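Undergrad: Below you'll find my_file23.pdb; it's PDB, C-alpha atoms.
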MODEL        1
ATOM      1  CA  MET A   1       0.000   0.000   0.000  1.00  0.00           C
ATOM      2  CA  SER A   2       1.772   3.098  -1.194  1.00  0.00           C
ATOM      3  CA  GLU A   3      -0.911   5.775  -1.292  1.00  0.00           C
ATOM      4  CA  GLU A   4      -2.726   7.281   1.632  1.00  0.00           C
ATOM      5  CA  LYS A   5      -6.290   6.132   2.215  1.00  0.00           C
ATOM      6  CA  ALA A   6      -8.886   8.097   4.131  1.00  0.00           C
ATOM      7  CA  ILE A   7     -12.044   6.717   5.735  1.00  0.00           C
ATOM      8  CA  ILE A   8     -14.643   9.199   6.930  1.00  0.00           C
ATOM      9  CA  LEU A   9     -16.766   8.112   9.882  1.00  0.00           C
ATOM     10  CA  ARG A  10     -20.202   9.374  10.872  1.00  0.00           C
ATOM     11  CA  PRO A  11     -19.896  10.037  14.619  1.00  0.00           C
ATOM     12  CA  GLU A  12     -23.491   9.286  15.582  1.00  0.00           C
ATOM     13  CA  ARG A  13     -23.607   8.794  19.349  1.00  0.00           C
ATOM     14  CA  LYS A  14     -26.178   5.970  19.221  1.00  0.00           C
ATOM     15  CA  ASN A  15     -23.912   3.781  17.049  1.00  0.00           C
ATOM     16  CA  PHE A  16     -21.160   4.006  19.660  1.00  0.00           C
ATOM     17  CA  GLU A  17     -23.500   3.704  22.676  1.00  0.00           C
ATOM     18  CA  ASP A  18     -25.032   0.509  21.284  1.00  0.00           C
ATOM     19  CA  ILE A  19     -21.602  -1.103  21.387  1.00  0.00           C
ATOM     20  CA  TYR A  20     -20.096   0.419  24.535  1.00  0.00           C
ATOM     21  CA  PHE A  21     -23.183  -0.230  26.654  1.00  0.00           C
ATOM     22  CA  SER A  22     -24.271  -3.590  25.212  1.00  0.00           C
ATOM     23  CA  GLY A  23     -24.801  -6.474  27.623  1.00  0.00           C
ATOM     24  CA  ASN A  24     -25.430  -4.230  30.661  1.00  0.00           C
ATOM     25  CA  GLN A  25     -21.894  -2.794  30.411  1.00  0.00           C
ATOM     26  CA  GLY A  26     -23.122   0.529  31.773  1.00  0.00           C
ATOM     27  CA  SER A  27     -25.093  -0.902  34.692  1.00  0.00           C
ATOM     28  CA  LEU A  28     -23.357  -0.180  37.978  1.00  0.00           C
ATOM     29  CA  LEU A  29     -24.661  -3.263  39.804  1.00  0.00           C
ATOM     30  CA  PHE A  30     -25.258  -5.735  36.967  1.00  0.00           C
ATOM     31  CA  SER A  31     -22.433  -5.118  34.490  1.00  0.00           C
ATOM     32  CA  PRO A  32     -20.246  -8.155  33.773  1.00  0.00           C
ATOM     33  CA  THR A  33     -17.665  -6.680  36.169  1.00  0.00           C
ATOM     34  CA  THR A  34     -20.033  -6.256  39.128  1.00  0.00           C
ATOM     35  CA  LYS A  35     -22.804  -8.817  38.640  1.00  0.00           C
ATOM     36  CA  GLY A  36     -21.107 -11.641  40.550  1.00  0.00           C
ATOM     37  CA  LYS A  37     -20.147  -9.368  43.425  1.00  0.00           C
ATOM     38  CA  THR A  38     -23.687  -7.955  43.596  1.00  0.00           C
ATOM     39  CA  ILE A  39     -25.210 -11.429  43.791  1.00  0.00           C
ATOM     40  CA  THR A  40     -22.655 -12.547  46.404  1.00  0.00           C
ATOM     41  CA  THR A  41     -23.387  -9.463  48.528  1.00  0.00           C
ATOM     42  CA  ILE A  42     -27.143 -10.068  48.319  1.00  0.00           C
ATOM     43  CA  ILE A  43     -26.698 -13.720  49.339  1.00  0.00           C
ATOM     44  CA  ALA A  44     -24.440 -12.717  52.261  1.00  0.00           C
ATOM     45  CA  ALA A  45     -27.048 -10.171  53.387  1.00  0.00           C
ATOM     46  CA  ILE A  46     -29.847 -12.752  53.207  1.00  0.00           C
ATOM     47  CA  VAL A  47     -27.812 -15.304  55.177  1.00  0.00           C
ATOM     48  CA  LEU A  48     -27.002 -12.686  57.834  1.00  0.00           C
ATOM     49  CA  LEU A  49     -30.660 -11.640  57.994  1.00  0.00           C
ATOM     50  CA  ILE A  50     -31.785 -15.255  58.477  1.00  0.00           C
ATOM     51  CA  ALA A  51     -29.125 -15.810  61.145  1.00  0.00           C
ATOM     52  CA  PHE A  52     -30.207 -12.604  62.879  1.00  0.00           C
ATOM     53  CA  PHE A  53     -33.840 -13.784  62.980  1.00  0.00           C
ATOM     54  CA  LEU A  54     -32.693 -17.141  64.381  1.00  0.00           C
ATOM     55  CA  LYS A  55     -30.350 -15.646  66.976  1.00  0.00           C
ATOM     56  CA  GLY A  56     -32.842 -16.391  69.728  1.00  0.00           C
ATOM     57  CA  SER A  57     -32.436 -20.099  69.120  1.00  0.00           C
ATOM     58  CA  LEU A  58     -28.614 -19.868  69.160  1.00  0.00           C
ATOM     59  CA  SER A  59     -26.733 -20.526  72.369  1.00  0.00           C
ATOM     60  CA  LYS A  60     -24.616 -17.734  73.862  1.00  0.00           C
ATOM     61  CA  GLU A  61     -21.463 -19.434  72.547  1.00  0.00           C
ATOM     62  CA  SER A  62     -22.887 -19.730  68.995  1.00  0.00           C
ATOM     63  CA  GLN A  63     -23.824 -16.076  68.632  1.00  0.00           C
ATOM     64  CA  GLY A  64     -20.279 -15.293  67.441  1.00  0.00           C
ATOM     65  CA  ILE A  65     -21.465 -16.559  64.071  1.00  0.00           C
ATOM     66  CA  LEU A  66     -23.374 -13.269  63.691  1.00  0.00           C
ATOM     67  CA  TYR A  67     -20.101 -11.332  63.966  1.00  0.00           C
ATOM     68  CA  PHE A  68     -18.485 -13.629  61.430  1.00  0.00           C
ATOM     69  CA  LEU A  69     -21.384 -13.283  58.960  1.00  0.00           C
ATOM     70  CA  SER A  70     -21.393  -9.506  59.481  1.00  0.00           C
ATOM     71  CA  PHE A  71     -17.692  -9.439  58.650  1.00  0.00           C
ATOM     72  CA  ILE A  72     -18.329 -11.497  55.477  1.00  0.00           C
ATOM     73  CA  LEU A  73     -21.099  -9.095  54.435  1.00  0.00           C
ATOM     74  CA  LEU A  74     -18.802  -6.136  55.052  1.00  0.00           C
ATOM     75  CA  LEU A  75     -16.075  -7.707  52.887  1.00  0.00           C
ATOM     76  CA  CYS A  76     -18.555  -8.399  50.094  1.00  0.00           C
ATOM     77  CA  ALA A  77     -19.826  -4.822  50.261  1.00  0.00           C
ATOM     78  CA  VAL A  78     -16.278  -3.421  50.067  1.00  0.00           C
ATOM     79  CA  PHE A  79     -15.403  -5.562  47.023  1.00  0.00           C
ATOM     80  CA  LEU A  80     -18.696  -4.573  45.392  1.00  0.00           C
ATOM     81  CA  SER A  81     -18.099  -0.863  46.012  1.00  0.00           C
ATOM     82  CA  VAL A  82     -14.607  -1.084  44.463  1.00  0.00           C
ATOM     83  CA  SER A  83     -16.082  -2.726  41.355  1.00  0.00           C
ATOM     84  CA  VAL A  84     -18.943  -0.223  41.155  1.00  0.00           C
ATOM     85  CA  ASN A  85     -16.391   2.606  41.375  1.00  0.00           C
ATOM     86  CA  LYS A  86     -14.377   1.052  38.545  1.00  0.00           C
ATOM     87  CA  VAL A  87     -17.464   0.742  36.307  1.00  0.00           C
ATOM     88  CA  SER A  88     -18.527   4.269  37.229  1.00  0.00           C
ATOM     89  CA  ARG A  89     -15.143   5.713  36.195  1.00  0.00           C
ATOM     90  CA  TRP A  90     -15.210   3.734  32.922  1.00  0.00           C
ATOM     91  CA  LYS A  91     -18.751   4.934  32.206  1.00  0.00           C
ATOM     92  CA  LYS A  92     -17.731   8.540  32.899  1.00  0.00           C
ATOM     93  CA  GLN A  93     -14.788   8.241  30.463  1.00  0.00           C
ATOM     94  CA  VAL A  94     -17.012   6.698  27.778  1.00  0.00           C
ATOM     95  CA  ASN A  95     -19.632   9.427  28.197  1.00  0.00           C
ATOM     96  CA  HIS A  96     -16.932  12.101  27.943  1.00  0.00           C
ATOM     97  CA  TYR A  97     -15.688  10.482  24.715  1.00  0.00           C
ATOM     98  CA  LEU A  98     -19.255  10.220  23.369  1.00  0.00           C
ATOM     99  CA  ASN A  99     -19.870  13.888  24.167  1.00  0.00           C
ATOM    100  CA  THR A 100     -16.716  14.755  22.220  1.00  0.00           C
ATOM    101  CA  LEU A 101     -17.932  12.689  19.276  1.00  0.00           C
ATOM    102  CA  GLU A 102     -21.353  14.293  19.410  1.00  0.00           C
ATOM    103  CA  LYS A 103     -19.813  17.732  18.915  1.00  0.00           C
ATOM    104  CA  CYS A 104     -17.226  16.759  16.310  1.00  0.00           C
ATOM    105  CA  LYS A 105     -17.442  17.804  12.675  1.00  0.00           C
ATOM    106  CA  ILE A 106     -14.555  15.702  11.334  1.00  0.00           C
ATOM    107  CA  TYR A 107     -13.896  12.090  12.268  1.00  0.00           C
ATOM    108  CA  GLU A 108     -11.587  10.332   9.904  1.00  0.00           C
ATOM    109  CA  ILE A 109      -9.030   7.569   9.714  1.00  0.00           C
ATOM    110  CA  ARG A 110      -5.950   8.053   7.538  1.00  0.00           C
ATOM    111  CA  ILE A 111      -3.989   4.990   6.588  1.00  0.00           C
ATOM    112  CA  GLU A 112      -0.479   5.167   5.164  1.00  0.00           C
ATOM    113  CA  GLN A 113       2.290   2.651   4.505  1.00  0.00           C
ATOM    114  CA  ASN A 114       3.759   2.971   8.020  1.00  0.00           C
ATOM    115  CA  PHE A 115       1.195   5.015   9.936  1.00  0.00           C
ATOM    116  CA  PHE A 116      -2.392   4.926  11.179  1.00  0.00           C
ATOM    117  CA  THR A 117      -3.908   8.292  12.094  1.00  0.00           C
ATOM    118  CA  VAL A 118      -7.247   9.089  13.706  1.00  0.00           C
ATOM    119  CA  ASN A 119      -8.390  12.695  13.329  1.00  0.00           C
ATOM    120  CA  ILE A 120     -11.218  14.030  15.494  1.00  0.00           C
ATOM    121  CA  ASP A 121     -11.756  17.732  14.697  1.00  0.00           C
ATOM    122  CA  GLY A 122      -8.076  18.356  14.054  1.00  0.00           C
ATOM    123  CA  GLU A 123      -6.830  16.443  17.105  1.00  0.00           C
ATOM    124  CA  LYS A 124      -4.726  13.744  15.510  1.00  0.00           C
ATOM    125  CA  GLU A 125      -3.443  10.557  17.096  1.00  0.00           C
ATOM    126  CA  THR A 126      -0.813   8.938  14.894  1.00  0.00           C
ATOM    127  CA  SER A 127       0.616   5.493  15.507  1.00  0.00           C
ATOM    128  CA  GLU A 128       3.021   3.290  13.671  1.00  0.00           C
ATOM    129  CA  TRP A 129       1.654  -0.117  12.770  1.00  0.00           C
ATOM    130  CA  LYS A 130       4.079  -1.739  15.207  1.00  0.00           C
ATOM    131  CA  ASP A 131       2.401   0.218  18.045  1.00  0.00           C
ATOM    132  CA  PHE A 132      -0.709  -1.968  17.721  1.00  0.00           C
ATOM    133  CA  ASN A 133      -0.730  -5.408  19.252  1.00  0.00           C
ATOM    134  CA  PHE A 134      -4.281  -6.615  18.660  1.00  0.00           C
ATOM    135  CA  PHE A 135      -7.298  -6.088  16.485  1.00  0.00           C
ATOM    136  CA  ASP A 136     -10.647  -7.837  16.386  1.00  0.00           C
ATOM    137  CA  SER A 137     -13.683  -7.457  14.179  1.00  0.00           C
ATOM    138  CA  ASN A 138     -17.211  -8.793  14.111  1.00  0.00           C
ATOM    139  CA  ASN A 139     -20.529  -7.822  12.534  1.00  0.00           C
ATOM    140  CA  GLU A 140     -20.903  -4.793  14.809  1.00  0.00           C
ATOM    141  CA  PHE A 141     -17.485  -3.143  15.122  1.00  0.00           C
ATOM    142  CA  ILE A 142     -13.722  -3.227  14.744  1.00  0.00           C
ATOM    143  CA  ALA A 143     -11.634  -2.986  17.917  1.00  0.00           C
ATOM    144  CA  LEU A 144      -7.994  -1.938  17.783  1.00  0.00           C
ATOM    145  CA  GLU A 145      -5.615  -2.058  20.758  1.00  0.00           C
ATOM    146  CA  GLY A 146      -2.138  -0.691  21.229  1.00  0.00           C
ATOM    147  CA  LYS A 147      -0.618   2.717  21.948  1.00  0.00           C
ATOM    148  CA  TYR A 148      -4.167   4.032  21.548  1.00  0.00           C
ATOM    149  CA  ASN A 149      -7.333   1.927  21.709  1.00  0.00           C
ATOM    150  CA  TYR A 150     -10.127   2.396  19.206  1.00  0.00           C
ATOM    151  CA  MET A 151     -13.549   1.020  18.466  1.00  0.00           C
ATOM    152  CA  PHE A 152     -15.093   1.746  15.077  1.00  0.00           C
ATOM    153  CA  PRO A 153     -18.775   0.790  14.682  1.00  0.00           C
ATOM    154  CA  ARG A 154     -19.762  -0.739  11.368  1.00  0.00           C
ATOM    155  CA  LYS A 155     -22.776   1.610  11.233  1.00  0.00           C
ATOM    156  CA  SER A 156     -20.494   4.660  11.330  1.00  0.00           C
ATOM    157  CA  MET A 157     -19.024   3.970   7.861  1.00  0.00           C
ATOM    158  CA  ASN A 158     -20.126   2.522   4.560  1.00  0.00           C
ATOM    159  CA  GLU A 159     -19.699  -1.198   3.814  1.00  0.00           C
ATOM    160  CA  LYS A 160     -16.839  -0.662   1.381  1.00  0.00           C
ATOM    161  CA  ASP A 161     -14.830   1.328   3.942  1.00  0.00           C
ATOM    162  CA  TYR A 162     -15.585  -1.202   6.704  1.00  0.00           C
ATOM    163  CA  SER A 163     -14.298  -4.071   4.553  1.00  0.00           C
ATOM    164  CA  LEU A 164     -11.259  -2.055   3.472  1.00  0.00           C
ATOM    165  CA  LEU A 165     -10.373  -1.113   7.062  1.00  0.00           C
ATOM    166  CA  LYS A 166     -10.746  -4.712   8.184  1.00  0.00           C
ATOM    167  CA  LYS A 167      -8.480  -5.964   5.386  1.00  0.00           C
ATOM    168  CA  ILE A 168      -5.812  -3.304   6.005  1.00  0.00           C
ATOM    169  CA  LEU A 169      -5.768  -3.993   9.744  1.00  0.00           C
ATOM    170  CA  LYS A 170      -5.513  -7.731   9.141  1.00  0.00           C
ATOM    171  CA  ASP A 171      -2.557  -7.178   6.779  1.00  0.00           C
ATOM    172  CA  ASN A 172      -0.711  -4.737   9.062  1.00  0.00           C
ATOM    173  CA  ILE A 173      -1.229  -5.955  12.609  1.00  0.00           C
ATOM    174  CA  ASN A 174       0.531  -9.055  13.848  1.00  0.00           C
ATOM    175  CA  GLN A 175      -2.016 -11.202  15.638  1.00  0.00           C
ATOM    176  CA  GLN A 176      -0.615 -12.694  18.817  1.00  0.00           C
TER     177      GLN A 176
ENDMDL
END
Represent the structure of the file as structure tokens.

TA:
Amino acid sequence: MSEEKAIILRPERKNFEDIYFSGNQGSLLFSPTTKGKTITTIIAAIVLLIAFFLKGSLSKESQGILYFLSFILLLCAVFLSVSVNKVSRWKKQVNHYLNTLEKCKIYEIRIEQNFFTVNIDGEKETSEWKDFNFFDSNNEFIALEGKYNYMFPRKSMNEKDYSLLKKILKDNINQQ
């Protein structure tokens, strides 16, 4: 590939949101990151609640189990809050990026022999092909990871450009 190729993207927020927030990704308590911790915390709370209601039938020596279960619930809640915070920060970053896209007039990809450049309203991020270590594509989007990480929805470009981008990335990025 000797000449420069340019692919113009349509930065429609919905196209990007559909991908970023698919599968409950944006849900604080039920995203893939937090779902297990949420369920574990709920189960720990139910077990503690049942033990608390049955404390009258426990002997004085057995009531230490309530302290133990309370400690388990506290641990679960701490792990859950850390995960919720992580998802919240990710969601905030994605929304900031989506707000930037919503306002942008120019969103283009320039592909050269040795370089890959993304231009969003004059703010250019240029990488050499060797800076990328992974790319993946499916029917919905192309994901590119390396010095910078990108996600390009299929709906944001025409079919010819999507196929061209996929082919160029496959030819230029060493799959590991």

Undergrad: Residue by residue, what does the PyMOL selection byres ((chain A and resi 29) around 10) grab here? Present the result as a CSV table (one decimal) with C-alpha atoms, in the coordinates of the input.

TA:
chain,number,residue,atom,x,y,z
A,24,ASN,CA,-25.4,-4.2,30.7
A,25,GLN,CA,-21.9,-2.8,30.4
A,26,GLY,CA,-23.1,0.5,31.8
A,27,SER,CA,-25.1,-0.9,34.7
A,28,LEU,CA,-23.4,-0.2,38.0
A,30,PHE,CA,-25.3,-5.7,37.0
A,31,SER,CA,-22.4,-5.1,34.5
A,32,PRO,CA,-20.2,-8.2,33.8
A,33,THR,CA,-17.7,-6.7,36.2
A,34,THR,CA,-20.0,-6.3,39.1
A,35,LYS,CA,-22.8,-8.8,38.6
A,36,GLY,CA,-21.1,-11.6,40.6
A,37,LYS,CA,-20.1,-9.4,43.4
A,38,THR,CA,-23.7,-8.0,43.6
A,39,ILE,CA,-25.2,-11.4,43.8
A,80,LEU,CA,-18.7,-4.6,45.4
A,81,SER,CA,-18.1,-0.9,46.0
A,83,SER,CA,-16.1,-2.7,41.4
A,84,VAL,CA,-18.9,-0.2,41.2
A,87,VAL,CA,-17.5,0.7,36.3

Undergrad: Go ahead and fit an axis-aligned box to every listed atom of segment 30-39 of chain A plus 4 Å each side, and pass me the centre and edge lengths in Å, one decimal, as lines of an AutoDock Vina configuration file.

TA:
center_x = -21.5
center_y = -8.4
center_z = 38.8
size_x = 15.6
size_y = 14.5
size_z = 18.0

Undergrad: May I have the protein, DNA and RNA residues with an atom at most 10 Å from (-0.3, 6.6, 12.5), counting all atoms listed in the file in the file's coordinates, returned as an MDAnalysis selection string?

TA: chainID A and resid 109:118 124:131

Undergrad: I'd like to see the residues matched by the PyMOL selection byres ((chain A and resi 7) around 7) on this file, and ideally I'd get them as a ChimeraX atom specification.

TA: /A:5-6,8-9,108-110,161

Undergrad: Could you please take those selected residues and save C-alpha atoms as a JSON list (two decimals), keeping the file's coordinate frame?

TA:
[["chain", "number", "residue", "atom", "x", "y", "z"],
["A", 5, "LYS", "CA", -6.29, 6.13, 2.22],
["A", 6, "ALA", "CA", -8.89, 8.10, 4.13],
["A", 8, "ILE", "CA", -14.64, 9.20, 6.93],
["A", 9, "LEU", "CA", -16.77, 8.11, 9.88],
["A", 108, "GLU", "CA", -11.59, 10.33, 9.90],
["A", 109, "ILE", "CA", -9.03, 7.57, 9.71],
["A", 110, "ARG", "CA", -5.95, 8.05, 7.54],
["A", 161, "ASP", "CA", -14.83, 1.33, 3.94]]

Undergrad: Could you produce a table of the residues of segment 60-84 of chain A lying within 9 Å of segment 45-52 of chain A, with the nearest pair of atoms per residue and their separation in Å rounded to one decimal, using all atoms listed in the file, ordered by chain and increasing residue number, as a Markdown table?

TA:
| residue | atom | partner | partner_atom | distance |
| --- | --- | --- | --- | --- |
| A:Ile65 | CA | A:Ala51 | CA | 8.2 |
| A:Leu66 | CA | A:Ala51 | CA | 6.8 |
| A:Leu69 | CA | A:Leu48 | CA | 5.8 |
| A:Ser70 | CA | A:Leu48 | CA | 6.7 |
| A:Leu73 | CA | A:Ala45 | CA | 6.1 |

Undergrad: Go ahead and compute the interatomic distance for atom CA of Lys167 of chain A and atom CA of Ile120 of chain A, in Å to one decimal.

TA: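 If I compute the distance from atom CA of Lys167 of chain A to atom CA of Ile120 of chain A, I get 22.6 Å.
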
Undergrad: Please compute the atom CA of Arg13 of chain A-atom CA of Asn119 of chain A distance, one decimal, in Å.

TA: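 We find that atom CA of Arg13 of chain A and atom CA of Asn119 of chain A lie 16.8 Å from each other.
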
Undergrad: So how many Å separate atom CA of Gly56 of chain A and atom CA of Leu75 of chain A, to one decimal?

TA: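 Calculated distance between atom CA of Gly56 of chain A and atom CA of Leu75 of chain A is 25.3 Å.
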
Undergrad: Could you check the closest approach to Lys170 of chain A for each of A:Lys14, A:Leu144, A:Met157, A:Phe152 and tell me which residue wins, using all atoms listed in the file?

TA: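 Comparing A:Lys14, A:Leu144, A:Met157, A:Phe152 against Lys170 of chain A, the winner is A:Leu144.
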
Undergrad: Taking into account all atoms listed in the file, which residue in the set A:Leu74, A:Ile43, A:Ile142, A:Leu54 is nearest to Tyr162 of chain A?

TA: A:Ile142
